[in-house]
>>> print(open('final-v8.cif').read())   # mmCIF, C-alpha atoms
data_entry
#
loop_
_atom_site.group_PDB
_atom_site.id
_atom_site.type_symbol
_atom_site.label_atom_id
_atom_site.label_comp_id
_atom_site.auth_asym_id
_atom_site.auth_seq_id
_atom_site.Cartn_x
_atom_site.Cartn_y
_atom_site.Cartn_z
ATOM 1 C CA MET L 1 28.991 15.222 -25.258
ATOM 2 C CA LYS L 2 25.359 15.119 -26.375
ATOM 3 C CA ILE L 3 24.421 13.208 -29.456
ATOM 4 C CA VAL L 4 21.145 12.964 -31.337
ATOM 5 C CA ALA L 5 20.505 10.752 -34.322
ATOM 6 C CA ILE L 6 17.901 9.873 -36.898
ATOM 7 C CA THR L 7 17.809 6.458 -38.485
ATOM 8 C CA SER L 8 15.766 5.528 -41.517
ATOM 9 C CA CYS L 9 16.005 2.870 -44.218
ATOM 10 C CA ALA L 10 14.357 1.854 -47.469
ATOM 11 C CA THR L 11 12.185 -0.924 -46.088
ATOM 12 C CA GLY L 12 11.660 0.887 -42.835
ATOM 13 C CA ILE L 13 12.440 -1.833 -40.347
ATOM 14 C CA ALA L 14 15.464 -3.944 -39.713
ATOM 15 C CA HIS L 15 18.203 -1.485 -40.683
ATOM 16 C CA THR L 16 16.422 1.433 -39.013
ATOM 17 C CA TYR L 17 16.291 -0.348 -35.687
ATOM 18 C CA MET L 18 19.701 -1.960 -35.931
ATOM 19 C CA ALA L 19 21.344 1.365 -36.767
ATOM 20 C CA ALA L 20 19.550 2.992 -33.820
ATOM 21 C CA GLU L 21 20.725 0.262 -31.487
ATOM 22 C CA ALA L 22 24.286 0.468 -32.834
ATOM 23 C CA ILE L 23 24.462 4.230 -32.227
ATOM 24 C CA LYS L 24 23.029 3.893 -28.708
ATOM 25 C CA LYS L 25 25.512 1.130 -27.971
ATOM 26 C CA ILE L 26 28.620 3.098 -28.928
ATOM 27 C CA CYS L 27 27.421 6.236 -27.114
ATOM 28 C CA LYS L 28 26.779 4.263 -23.959
ATOM 29 C CA LYS L 29 30.237 2.751 -24.219
ATOM 30 C CA LYS L 30 31.799 6.197 -24.548
ATOM 31 C CA GLY L 31 29.618 7.689 -21.831
ATOM 32 C CA PHE L 32 27.854 10.150 -24.133
ATOM 33 C CA GLU L 33 24.259 11.239 -23.780
ATOM 34 C CA CYS L 34 22.276 10.055 -26.758
ATOM 35 C CA LYS L 35 18.768 10.061 -28.193
ATOM 36 C CA VAL L 36 17.790 8.346 -31.419
ATOM 37 C CA GLU L 37 14.707 9.084 -33.480
ATOM 38 C CA MET L 38 13.604 6.196 -35.670
ATOM 39 C CA GLN L 39 11.733 6.903 -38.863
ATOM 40 C CA GLY L 40 10.502 3.497 -39.845
ATOM 41 C CA ALA L 41 7.474 1.738 -41.179
ATOM 42 C CA LEU L 42 5.708 2.395 -37.874
ATOM 43 C CA GLY L 43 6.001 6.150 -38.291
ATOM 44 C CA ILE L 44 8.271 8.383 -36.251
ATOM 45 C CA GLU L 45 9.301 6.974 -32.899
ATOM 46 C CA ASN L 46 11.112 8.775 -30.146
ATOM 47 C CA MET L 47 10.887 12.107 -31.937
ATOM 48 C CA LEU L 48 13.655 14.618 -31.189
ATOM 49 C CA LYS L 49 12.498 17.809 -29.546
ATOM 50 C CA PRO L 50 13.688 21.216 -30.821
ATOM 51 C CA ASN L 51 15.731 21.862 -27.672
ATOM 52 C CA GLU L 52 17.402 18.447 -27.933
ATOM 53 C CA ILE L 53 18.438 19.210 -31.496
ATOM 54 C CA LYS L 54 19.679 22.629 -30.454
ATOM 55 C CA GLU L 55 21.710 21.370 -27.519
ATOM 56 C CA ALA L 56 23.282 18.420 -29.326
ATOM 57 C CA ASP L 57 26.997 18.522 -30.066
ATOM 58 C CA LEU L 58 26.569 16.081 -32.905
ATOM 59 C CA ILE L 59 23.627 15.214 -35.128
ATOM 60 C CA ILE L 60 23.855 11.882 -36.902
ATOM 61 C CA PHE L 61 21.794 11.168 -40.018
ATOM 62 C CA ALA L 62 21.910 7.431 -40.637
ATOM 63 C CA ASN L 63 19.539 7.142 -43.558
ATOM 64 C CA ASP L 64 19.292 5.859 -47.099
ATOM 65 C CA VAL L 65 15.923 7.425 -47.785
ATOM 66 C CA GLY L 66 14.777 11.002 -47.194
ATOM 67 C CA ILE L 67 14.365 12.328 -43.659
ATOM 68 C CA THR L 68 10.899 13.423 -42.584
ATOM 69 C CA LYS L 69 10.703 16.921 -41.139
ATOM 70 C CA GLU L 70 14.276 17.675 -42.135
ATOM 71 C CA GLU L 71 13.571 21.418 -41.789
ATOM 72 C CA ARG L 72 14.109 20.979 -38.030
ATOM 73 C CA PHE L 73 17.843 20.716 -38.708
ATOM 74 C CA LYS L 74 18.430 23.480 -41.202
ATOM 75 C CA GLU L 75 20.022 25.825 -38.680
ATOM 76 C CA TYR L 76 22.450 23.160 -37.484
ATOM 77 C CA LYS L 77 24.001 21.962 -40.735
ATOM 78 C CA ASP L 78 27.559 22.174 -39.369
ATOM 79 C CA LYS L 79 26.730 19.636 -36.644
ATOM 80 C CA ILE L 80 25.350 17.021 -39.018
ATOM 81 C CA ILE L 81 27.259 13.849 -39.816
ATOM 82 C CA LYS L 82 25.839 11.739 -42.633
ATOM 83 C CA VAL L 83 26.277 7.988 -42.770
ATOM 84 C CA THR L 84 24.287 5.063 -44.136
ATOM 85 C CA PRO L 85 22.424 2.700 -41.777
ATOM 86 C CA HIS L 86 24.461 -0.146 -43.157
ATOM 87 C CA SER L 87 27.867 1.405 -42.470
ATOM 88 C CA VAL L 88 26.961 2.416 -38.932
ATOM 89 C CA ILE L 89 25.712 -1.103 -38.127
ATOM 90 C CA LYS L 90 28.989 -2.519 -39.392
ATOM 91 C CA ASP L 91 31.138 -0.032 -37.505
ATOM 92 C CA PRO L 92 29.354 2.420 -35.168
ATOM 93 C CA SER L 93 32.595 4.288 -34.408
ATOM 94 C CA ILE L 94 32.481 5.916 -37.865
ATOM 95 C CA ILE L 95 30.182 8.568 -36.408
ATOM 96 C CA PHE L 96 33.167 9.882 -34.460
ATOM 97 C CA ASN L 97 35.763 9.321 -37.187
ATOM 98 C CA LYS L 98 33.670 11.370 -39.577
ATOM 99 C CA LYS L 99 33.751 14.226 -37.134
ATOM 100 C CA GLU L 100 37.534 14.199 -37.233
ATOM 101 C CA GLU L 101 37.518 14.285 -41.022
ATOM 102 C CA ASN L 102 35.256 17.305 -41.051
ATOM 103 C CA LYS L 103 37.515 19.365 -38.847
ATOM 104 C CA MET H 1 2.433 11.471 -36.680
ATOM 105 C CA GLU H 2 4.356 10.445 -33.650
ATOM 106 C CA ASN H 3 4.317 6.861 -32.604
ATOM 107 C CA ASN H 4 5.356 6.024 -29.113
ATOM 108 C CA ILE H 5 4.826 2.309 -28.946
ATOM 109 C CA LEU H 6 8.244 1.351 -27.734
ATOM 110 C CA GLU H 7 7.428 -1.690 -25.685
ATOM 111 C CA LYS H 8 9.167 -4.805 -26.802
ATOM 112 C CA VAL H 9 7.526 -8.051 -27.766
ATOM 113 C CA ASN H 10 8.401 -11.392 -26.341
ATOM 114 C CA LEU H 11 10.426 -13.183 -28.968
ATOM 115 C CA ALA H 12 10.740 -16.381 -26.967
ATOM 116 C CA ASN H 13 7.013 -16.931 -27.491
ATOM 117 C CA VAL H 14 7.229 -16.907 -31.255
ATOM 118 C CA LEU H 15 10.310 -19.068 -31.753
ATOM 119 C CA VAL H 16 9.291 -22.330 -33.456
ATOM 120 C CA LYS H 17 10.996 -25.320 -31.897
ATOM 121 C CA GLU H 18 10.814 -27.533 -34.993
ATOM 122 C CA ALA H 19 12.389 -24.738 -37.034
ATOM 123 C CA VAL H 20 15.407 -24.223 -34.792
ATOM 124 C CA ILE H 21 18.275 -25.982 -36.494
ATOM 125 C CA ILE H 22 21.654 -26.041 -34.782
ATOM 126 C CA ASP H 23 24.841 -27.303 -36.440
ATOM 127 C CA CYS H 24 23.428 -27.263 -39.899
ATOM 128 C CA ASN H 25 25.584 -28.198 -42.863
ATOM 129 C CA PRO H 26 26.377 -25.063 -44.866
ATOM 130 C CA PHE H 27 24.071 -24.294 -47.787
ATOM 131 C CA GLU H 28 25.100 -23.949 -51.417
ATOM 132 C CA SER H 29 23.064 -20.758 -51.660
ATOM 133 C CA LYS H 30 20.350 -18.650 -50.124
ATOM 134 C CA ASP H 31 17.818 -20.437 -52.339
ATOM 135 C CA GLU H 32 18.713 -23.783 -50.840
ATOM 136 C CA MET H 33 18.451 -22.356 -47.328
ATOM 137 C CA PHE H 34 15.026 -20.854 -48.124
ATOM 138 C CA LYS H 35 13.715 -24.227 -49.288
ATOM 139 C CA PHE H 36 15.108 -25.982 -46.240
ATOM 140 C CA MET H 37 13.697 -23.518 -43.705
ATOM 141 C CA VAL H 38 10.319 -23.379 -45.448
ATOM 142 C CA SER H 39 10.097 -27.171 -45.258
ATOM 143 C CA LYS H 40 10.761 -26.956 -41.506
ATOM 144 C CA PHE H 41 7.962 -24.399 -41.152
ATOM 145 C CA GLU H 42 5.705 -26.719 -43.094
ATOM 146 C CA GLU H 43 6.529 -29.660 -40.829
ATOM 147 C CA ALA H 44 5.809 -27.473 -37.816
ATOM 148 C CA LYS H 45 2.421 -26.528 -39.321
ATOM 149 C CA ILE H 46 3.419 -22.874 -39.332
ATOM 150 C CA VAL H 47 3.029 -22.782 -43.075
ATOM 151 C CA SER H 48 0.231 -24.539 -44.965
ATOM 152 C CA ASP H 49 1.087 -23.295 -48.443
ATOM 153 C CA SER H 50 4.843 -23.376 -48.831
ATOM 154 C CA LYS H 51 4.761 -22.060 -52.411
ATOM 155 C CA SER H 52 2.934 -18.912 -51.429
ATOM 156 C CA TYR H 53 5.176 -18.310 -48.426
ATOM 157 C CA LEU H 54 8.341 -18.914 -50.460
ATOM 158 C CA LYS H 55 7.068 -16.406 -53.022
ATOM 159 C CA SER H 56 6.589 -13.820 -50.274
ATOM 160 C CA LEU H 57 10.209 -14.318 -49.140
ATOM 161 C CA TYR H 58 11.450 -13.587 -52.647
ATOM 162 C CA GLU H 59 9.143 -10.604 -52.984
ATOM 163 C CA ARG H 60 10.701 -9.146 -49.859
ATOM 164 C CA GLU H 61 14.165 -9.757 -51.278
ATOM 165 C CA GLU H 62 13.229 -7.470 -54.173
ATOM 166 C CA LEU H 63 12.752 -4.530 -51.791
ATOM 167 C CA GLY H 64 16.128 -4.445 -50.091
ATOM 168 C CA SER H 65 18.882 -6.512 -48.585
ATOM 169 C CA THR H 66 18.153 -8.967 -45.793
ATOM 170 C CA TYR H 67 21.864 -9.508 -45.220
ATOM 171 C CA MET H 68 22.546 -7.680 -41.979
ATOM 172 C CA GLY H 69 26.310 -8.021 -41.650
ATOM 173 C CA ASN H 70 27.902 -9.836 -38.711
ATOM 174 C CA TYR H 71 27.180 -13.260 -40.335
ATOM 175 C CA ILE H 72 23.430 -12.686 -40.115
ATOM 176 C CA GLY H 73 20.635 -13.159 -42.620
ATOM 177 C CA LEU H 74 17.163 -11.945 -41.719
ATOM 178 C CA PRO H 75 14.717 -13.042 -44.423
ATOM 179 C CA HIS H 76 11.016 -12.581 -43.848
ATOM 180 C CA GLY H 77 7.770 -12.979 -45.700
ATOM 181 C CA ARG H 78 4.117 -12.214 -45.133
ATOM 182 C CA SER H 79 1.724 -14.563 -46.792
ATOM 183 C CA GLU H 80 -1.689 -16.210 -46.742
ATOM 184 C CA GLY H 81 0.221 -19.482 -46.672
ATOM 185 C CA VAL H 82 1.238 -18.780 -43.062
ATOM 186 C CA VAL H 83 -1.202 -20.344 -40.615
ATOM 187 C CA ARG H 84 0.510 -19.252 -37.424
ATOM 188 C CA PRO H 85 3.238 -16.608 -37.213
ATOM 189 C CA GLY H 86 6.661 -17.757 -36.089
ATOM 190 C CA ILE H 87 10.421 -17.357 -36.163
ATOM 191 C CA GLY H 88 12.828 -20.049 -37.291
ATOM 192 C CA PHE H 89 16.556 -20.092 -36.622
ATOM 193 C CA CYS H 90 19.388 -21.861 -38.314
ATOM 194 C CA LYS H 91 23.032 -21.978 -37.328
ATOM 195 C CA CYS H 92 25.472 -23.334 -39.891
ATOM 196 C CA LYS H 93 28.684 -25.153 -39.037
ATOM 197 C CA VAL H 94 30.543 -22.825 -41.368
ATOM 198 C CA PRO H 95 29.380 -19.630 -43.098
ATOM 199 C CA PHE H 96 27.875 -19.750 -46.583
ATOM 200 C CA GLU H 97 27.605 -17.140 -49.309
ATOM 201 C CA TYR H 98 24.405 -15.124 -48.962
ATOM 202 C CA GLU H 99 23.334 -12.829 -51.753
ATOM 203 C CA SER H 100 20.568 -10.324 -51.226
ATOM 204 C CA PHE H 101 19.557 -7.297 -53.277
ATOM 205 C CA GLY H 102 22.894 -7.078 -55.031
ATOM 206 C CA GLU H 103 24.812 -7.475 -51.792
ATOM 207 C CA LYS H 104 26.992 -10.439 -50.909
ATOM 208 C CA GLY H 105 28.176 -11.609 -47.544
ATOM 209 C CA LYS H 106 28.998 -14.635 -45.440
ATOM 210 C CA VAL H 107 26.124 -15.857 -43.286
ATOM 211 C CA LYS H 108 26.207 -18.300 -40.429
ATOM 212 C CA TYR H 109 23.062 -17.357 -38.518
ATOM 213 C CA VAL H 110 19.656 -17.096 -40.116
ATOM 214 C CA PHE H 111 16.512 -15.849 -38.458
ATOM 215 C CA MET H 112 13.518 -16.393 -40.725
ATOM 216 C CA LEU H 113 10.163 -14.824 -39.992
ATOM 217 C CA ALA H 114 6.844 -16.229 -41.115
ATOM 218 C CA ILE H 115 4.221 -13.539 -40.963
ATOM 219 C CA ALA H 116 0.539 -14.314 -41.399
ATOM 220 C CA SER H 117 -1.460 -12.055 -43.681
ATOM 221 C CA TYR H 118 -4.150 -11.707 -41.014
ATOM 222 C CA GLN H 119 -1.650 -10.069 -38.648
ATOM 223 C CA ASN H 120 -1.618 -6.317 -38.666
ATOM 224 C CA SER H 121 1.631 -4.932 -39.945
ATOM 225 C CA GLU H 122 2.474 -3.193 -36.680
ATOM 226 C CA GLU H 123 2.527 -6.452 -34.773
ATOM 227 C CA TYR H 124 5.055 -8.185 -36.990
ATOM 228 C CA MET H 125 7.177 -5.098 -37.456
ATOM 229 C CA ARG H 126 7.503 -4.919 -33.712
ATOM 230 C CA VAL H 127 8.829 -8.488 -33.711
ATOM 231 C CA LEU H 128 11.263 -7.698 -36.491
ATOM 232 C CA ALA H 129 12.382 -4.464 -34.836
ATOM 233 C CA THR H 130 12.969 -6.187 -31.495
ATOM 234 C CA LEU H 131 15.005 -8.945 -33.094
ATOM 235 C CA ALA H 132 16.995 -6.426 -35.158
ATOM 236 C CA GLY H 133 17.830 -4.592 -31.939
ATOM 237 C CA TYR H 134 19.271 -7.744 -30.369
ATOM 238 C CA LEU H 135 21.404 -8.554 -33.385
ATOM 239 C CA VAL H 136 23.549 -5.466 -32.871
ATOM 240 C CA HIS H 137 24.847 -6.701 -29.536
ATOM 241 C CA ASP H 138 28.043 -8.716 -29.528
ATOM 242 C CA GLU H 139 26.852 -10.636 -26.463
ATOM 243 C CA PHE H 140 23.837 -11.814 -28.421
ATOM 244 C CA ILE H 141 25.956 -12.965 -31.365
ATOM 245 C CA SER H 142 28.477 -14.744 -29.145
ATOM 246 C CA GLY H 143 25.492 -16.303 -27.347
ATOM 247 C CA LEU H 144 24.216 -17.610 -30.686
ATOM 248 C CA ASP H 145 27.631 -19.010 -31.402
ATOM 249 C CA LYS H 146 27.677 -20.884 -28.105
ATOM 250 C CA CYS H 147 24.126 -22.170 -28.042
ATOM 251 C CA ARG H 148 23.790 -25.895 -28.582
ATOM 252 C CA SER H 149 20.035 -26.448 -28.469
ATOM 253 C CA TYR H 150 16.593 -24.895 -28.802
ATOM 254 C CA GLU H 151 16.450 -24.611 -25.014
ATOM 255 C CA GLU H 152 19.699 -22.667 -24.862
ATOM 256 C CA LEU H 153 18.510 -20.356 -27.625
ATOM 257 C CA ILE H 154 15.276 -19.704 -25.726
ATOM 258 C CA GLU H 155 17.315 -18.897 -22.613
ATOM 259 C CA LEU H 156 19.475 -16.453 -24.546
ATOM 260 C CA ILE H 157 16.455 -14.719 -26.068
ATOM 261 C CA LYS H 158 14.629 -14.598 -22.742
ATOM 262 C CA ASN H 159 17.622 -12.895 -21.150
ATOM 263 C CA PHE H 160 17.396 -10.185 -23.778
ATOM 264 C CA ASP H 161 13.582 -10.008 -23.682
ATOM 265 C CA ASN H 162 13.799 -9.191 -19.999
ATOM 266 C CA LYS H 163 16.505 -6.569 -20.315
#
>>> encode(input="final-v8.cif", output="structure tokens")
Amino acid sequence: MKIVAITSCATGIAHTYMAAEAIKKICKKKGFECKVEMQGALGIENMLKPNEIKEADLIIFANDVGITKEERFKEYKDKIIKVTPHSVIKDPSIIFNKKEENK
Amino acid sequence: MENNILEKVNLANVLVKEAVIIDCNPFESKDEMFKFMVSKFEEAKIVSDSKSYLKSLYEREELGSTYMGNYIGLPHGRSEGVVRPGIGFCKCKVPFEYESFGEKGKVKYVFMLAIASYQNSEEYMRVLATLAGYLVHDEFISGLDKCRSYEELIELIKNFDNK
């Protein structure tokens, strides 16, 4: 499974990076391919490429502020899972549980 | 604008020995902990104007929660009262109630950042981002739980810095 994610938080630092790390950690554990774009106070880091977004099985939005360049995802709405940075830091596995709920 | 500066900073270099407190008695509140840690920074000559630095910590608290879950508090402030940037650490014997931006949680480990106003924002954000990344890992948290001294904490951080 291929997973891409975007993390972003109100103050643009700690939660953004912790959420990114939490998502990478759980994907590694499960053996999934994963790339995380961080939209923090330093600008956009590790930006997702159009083909990566297209090929992803799951797109995670872990944000509590708006996502920059959200139009990149408009064709893939059914793949998007929305969580808050806080909840994913607390329990990264929710990104997979949510998927079950949506089915 | 895309920013690709992903290299990590060396946290071991910015940890302030005098402000690493292991086996601390639990605090009554976050306020008490702030005062205590700021006084340690002052003793270590990291902070010259404790009032101004303390004010910057509270100003940051107004922007969002510094309670990070997992028994961790991550307060930080940027101020003219900071002479030399640094990180302090405090481990309490038992967790205390930490309230931040309307959120409440038990905290046992505190990393406090003193950021100098002359530093560019990118530099200190990199420090904060690196530290935040470590805090997600269970091995780092269990390492904090085990560490008994400044030297052991440095070892733990170095192991992660080199990963």
>>> interface_residues(input="final-v8.cif", of="chain L", to="chain H", cutoff="9 Å", atoms="all atoms listed in the file", output="PyMOL selection string")
chain L and resi 10-11+13-22+25+41-47+86+89-90
>>> atom_distance(input="final-v8.cif", atom1="atom CA of H:Ser149", atom2="atom CA of H:Val83")
25.2 Å
>>> atom_distance(input="final-v8.cif", atom1="atom CA of L:Val4", atom2="atom CA of L:Ile23")
9.4 Å
>>> resolve_selection(input="final-v8.cif", expression="the PyMOL selection byres ((chain L and resi 61) around 9)", output="JSON, numbers by chain")
{"L": [4, 5, 6, 7, 8, 59, 60, 62, 63, 67, 80, 81, 82, 83, 84, 85]}
>>> closest_residue(input="final-v8.cif", among="H:Gly143, H:Pro85, H:Ser100, H:Tyr109", to="H:Asn13", atoms="all atoms listed in the file")
H:Pro85
>>> closest_atom_pairs(input="final-v8.cif", of="stretch 58-115 of chain H", to="stretch 14-22 of chain H", cutoff="12 Å", atoms="all atoms listed in the file", output="Markdown table")
| residue | atom | partner | partner_atom | distance |
| --- | --- | --- | --- | --- |
| H:Arg84 | CA | H:Val14 | CA | 9.4 |
| H:Pro85 | CA | H:Val14 | CA | 7.2 |
| H:Gly86 | CA | H:Val14 | CA | 4.9 |
| H:Ile87 | CA | H:Leu15 | CA | 4.7 |
| H:Gly88 | CA | H:Ala19 | CA | 4.7 |
| H:Phe89 | CA | H:Val20 | CA | 4.7 |
| H:Cys90 | CA | H:Ile21 | CA | 4.6 |
| H:Lys91 | CA | H:Ile22 | CA | 5.0 |
| H:Cys92 | CA | H:Ile22 | CA | 6.9 |
| H:Lys93 | CA | H:Ile22 | CA | 8.3 |
| H:Val94 | CA | H:Ile22 | CA | 11.5 |
| H:Lys108 | CA | H:Ile22 | CA | 10.6 |
| H:Tyr109 | CA | H:Ile22 | CA | 9.6 |
| H:Val110 | CA | H:Ile21 | CA | 9.7 |
| H:Phe111 | CA | H:Val20 | CA | 9.2 |
| H:Met112 | CA | H:Ala19 | CA | 9.2 |
| H:Leu113 | CA | H:Leu15 | CA | 9.3 |
| H:Ala114 | CA | H:Val14 | CA | 9.9 |
| H:Ile115 | CA | H:Val14 | CA | 10.7 |
>>> residues_around(input="final-v8.cif", residues="L:Lys2", least_positions_apart="6", cutoff="10 Å", atoms="only C-alpha atoms", output="ChimeraX atom specification")
/L:27,31-35,52-53,55-59
>>> write_last_selection(input="final-v8.cif", atoms="C-alpha atoms", output="short mmCIF file (atom, residue, chain, number, x, y, z; two decimals), in the coordinates of the input")
data_model
loop_
_atom_site.label_atom_id
_atom_site.label_comp_id
_atom_site.auth_asym_id
_atom_site.auth_seq_id
_atom_site.Cartn_x
_atom_site.Cartn_y
_atom_site.Cartn_z
CA CYS L 27 27.42 6.24 -27.11
CA GLY L 31 29.62 7.69 -21.83
CA PHE L 32 27.85 10.15 -24.13
CA GLU L 33 24.26 11.24 -23.78
CA CYS L 34 22.28 10.06 -26.76
CA LYS L 35 18.77 10.06 -28.19
CA GLU L 52 17.40 18.45 -27.93
CA ILE L 53 18.44 19.21 -31.50
CA GLU L 55 21.71 21.37 -27.52
CA ALA L 56 23.28 18.42 -29.33
CA ASP L 57 27.00 18.52 -30.07
CA LEU L 58 26.57 16.08 -32.90
CA ILE L 59 23.63 15.21 -35.13
#
>>> atom_distance(input="final-v8.cif", atom1="atom CA of L:Arg72", atom2="atom CA of L:Pro50")
7.2 Å
>>> closest_residue(input="final-v8.cif", among="H:Arg78, H:Glu42, H:Glu62, H:Asp49", to="H:Glu99", atoms="all atoms listed in the file")
H:Glu62
>>> axis_aligned_box(input="final-v8.cif", around="stretch 5-24 of chain L", padding_each_side="6 Å", output="AutoDock Vina command-line options")
--center_x 18.1 --center_y 3.4 --center_z -38.1 --size_x 24.8 --size_y 26.7 --size_z 30.8
>>> decode(input="final-v8.cif", residues="stretch 77-92 of chain L", atoms="N, CA and C atoms", output="PDB file, in the first residue's frame")
ATOM      1  N   LYS L  77     -10.812  12.844  -3.870  1.00  0.00           N
ATOM      2  CA  LYS L  77     -11.515  13.059  -2.595  1.00  0.00           C
ATOM      3  C   LYS L  77     -11.836  11.748  -1.864  1.00  0.00           C
ATOM      4  N   ASP L  78     -12.128  10.690  -2.626  1.00  0.00           N
ATOM      5  CA  ASP L  78     -12.518   9.427  -1.987  1.00  0.00           C
ATOM      6  C   ASP L  78     -11.343   8.707  -1.317  1.00  0.00           C
ATOM      7  N   LYS L  79     -10.130   9.194  -1.579  1.00  0.00           N
ATOM      8  CA  LYS L  79      -8.956   8.554  -0.940  1.00  0.00           C
ATOM      9  C   LYS L  79      -8.514   9.304   0.313  1.00  0.00           C
ATOM     10  N   ILE L  80      -9.162  10.437   0.573  1.00  0.00           N
ATOM     11  CA  ILE L  80      -8.675  11.307   1.652  1.00  0.00           C
ATOM     12  C   ILE L  80      -9.244  10.916   3.012  1.00  0.00           C
ATOM     13  N   ILE L  81      -8.350  10.812   3.979  1.00  0.00           N
ATOM     14  CA  ILE L  81      -8.744  10.563   5.365  1.00  0.00           C
ATOM     15  C   ILE L  81      -8.364  11.807   6.155  1.00  0.00           C
ATOM     16  N   LYS L  82      -9.300  12.375   6.895  1.00  0.00           N
ATOM     17  CA  LYS L  82      -8.995  13.588   7.645  1.00  0.00           C
ATOM     18  C   LYS L  82      -8.865  13.302   9.141  1.00  0.00           C
ATOM     19  N   VAL L  83      -7.769  13.744   9.693  1.00  0.00           N
ATOM     20  CA  VAL L  83      -7.550  13.614  11.137  1.00  0.00           C
ATOM     21  C   VAL L  83      -6.947  14.937  11.644  1.00  0.00           C
ATOM     22  N   THR L  84      -6.799  15.058  12.941  1.00  0.00           N
ATOM     23  CA  THR L  84      -6.089  16.234  13.458  1.00  0.00           C
ATOM     24  C   THR L  84      -4.663  15.800  13.808  1.00  0.00           C
ATOM     25  N   PRO L  85      -3.706  16.740  13.776  1.00  0.00           N
ATOM     26  CA  PRO L  85      -2.325  16.379  14.112  1.00  0.00           C
ATOM     27  C   PRO L  85      -2.255  15.760  15.503  1.00  0.00           C
ATOM     28  N   HIS L  86      -3.047  16.342  16.398  1.00  0.00           N
ATOM     29  CA  HIS L  86      -3.027  15.876  17.773  1.00  0.00           C
ATOM     30  C   HIS L  86      -3.444  14.404  17.893  1.00  0.00           C
ATOM     31  N   SER L  87      -4.548  14.050  17.226  1.00  0.00           N
ATOM     32  CA  SER L  87      -5.063  12.686  17.374  1.00  0.00           C
ATOM     33  C   SER L  87      -4.119  11.661  16.748  1.00  0.00           C
ATOM     34  N   VAL L  88      -3.448  12.058  15.664  1.00  0.00           N
ATOM     35  CA  VAL L  88      -2.560  11.098  15.013  1.00  0.00           C
ATOM     36  C   VAL L  88      -1.253  10.913  15.800  1.00  0.00           C
ATOM     37  N   ILE L  89      -0.859  11.953  16.541  1.00  0.00           N
ATOM     38  CA  ILE L  89       0.328  11.827  17.403  1.00  0.00           C
ATOM     39  C   ILE L  89       0.000  10.853  18.538  1.00  0.00           C
ATOM     40  N   LYS L  90      -1.200  11.025  19.094  1.00  0.00           N
ATOM     41  CA  LYS L  90      -1.620  10.181  20.204  1.00  0.00           C
ATOM     42  C   LYS L  90      -1.757   8.728  19.775  1.00  0.00           C
ATOM     43  N   ASP L  91      -2.360   8.507  18.621  1.00  0.00           N
ATOM     44  CA  ASP L  91      -2.589   7.146  18.153  1.00  0.00           C
ATOM     45  C   ASP L  91      -2.529   7.093  16.624  1.00  0.00           C
ATOM     46  N   PRO L  92      -1.334   6.853  16.073  1.00  0.00           N
ATOM     47  CA  PRO L  92      -1.156   6.884  14.612  1.00  0.00           C
ATOM     48  C   PRO L  92      -2.040   5.873  13.882  1.00  0.00           C
TER      49      PRO L  92
END
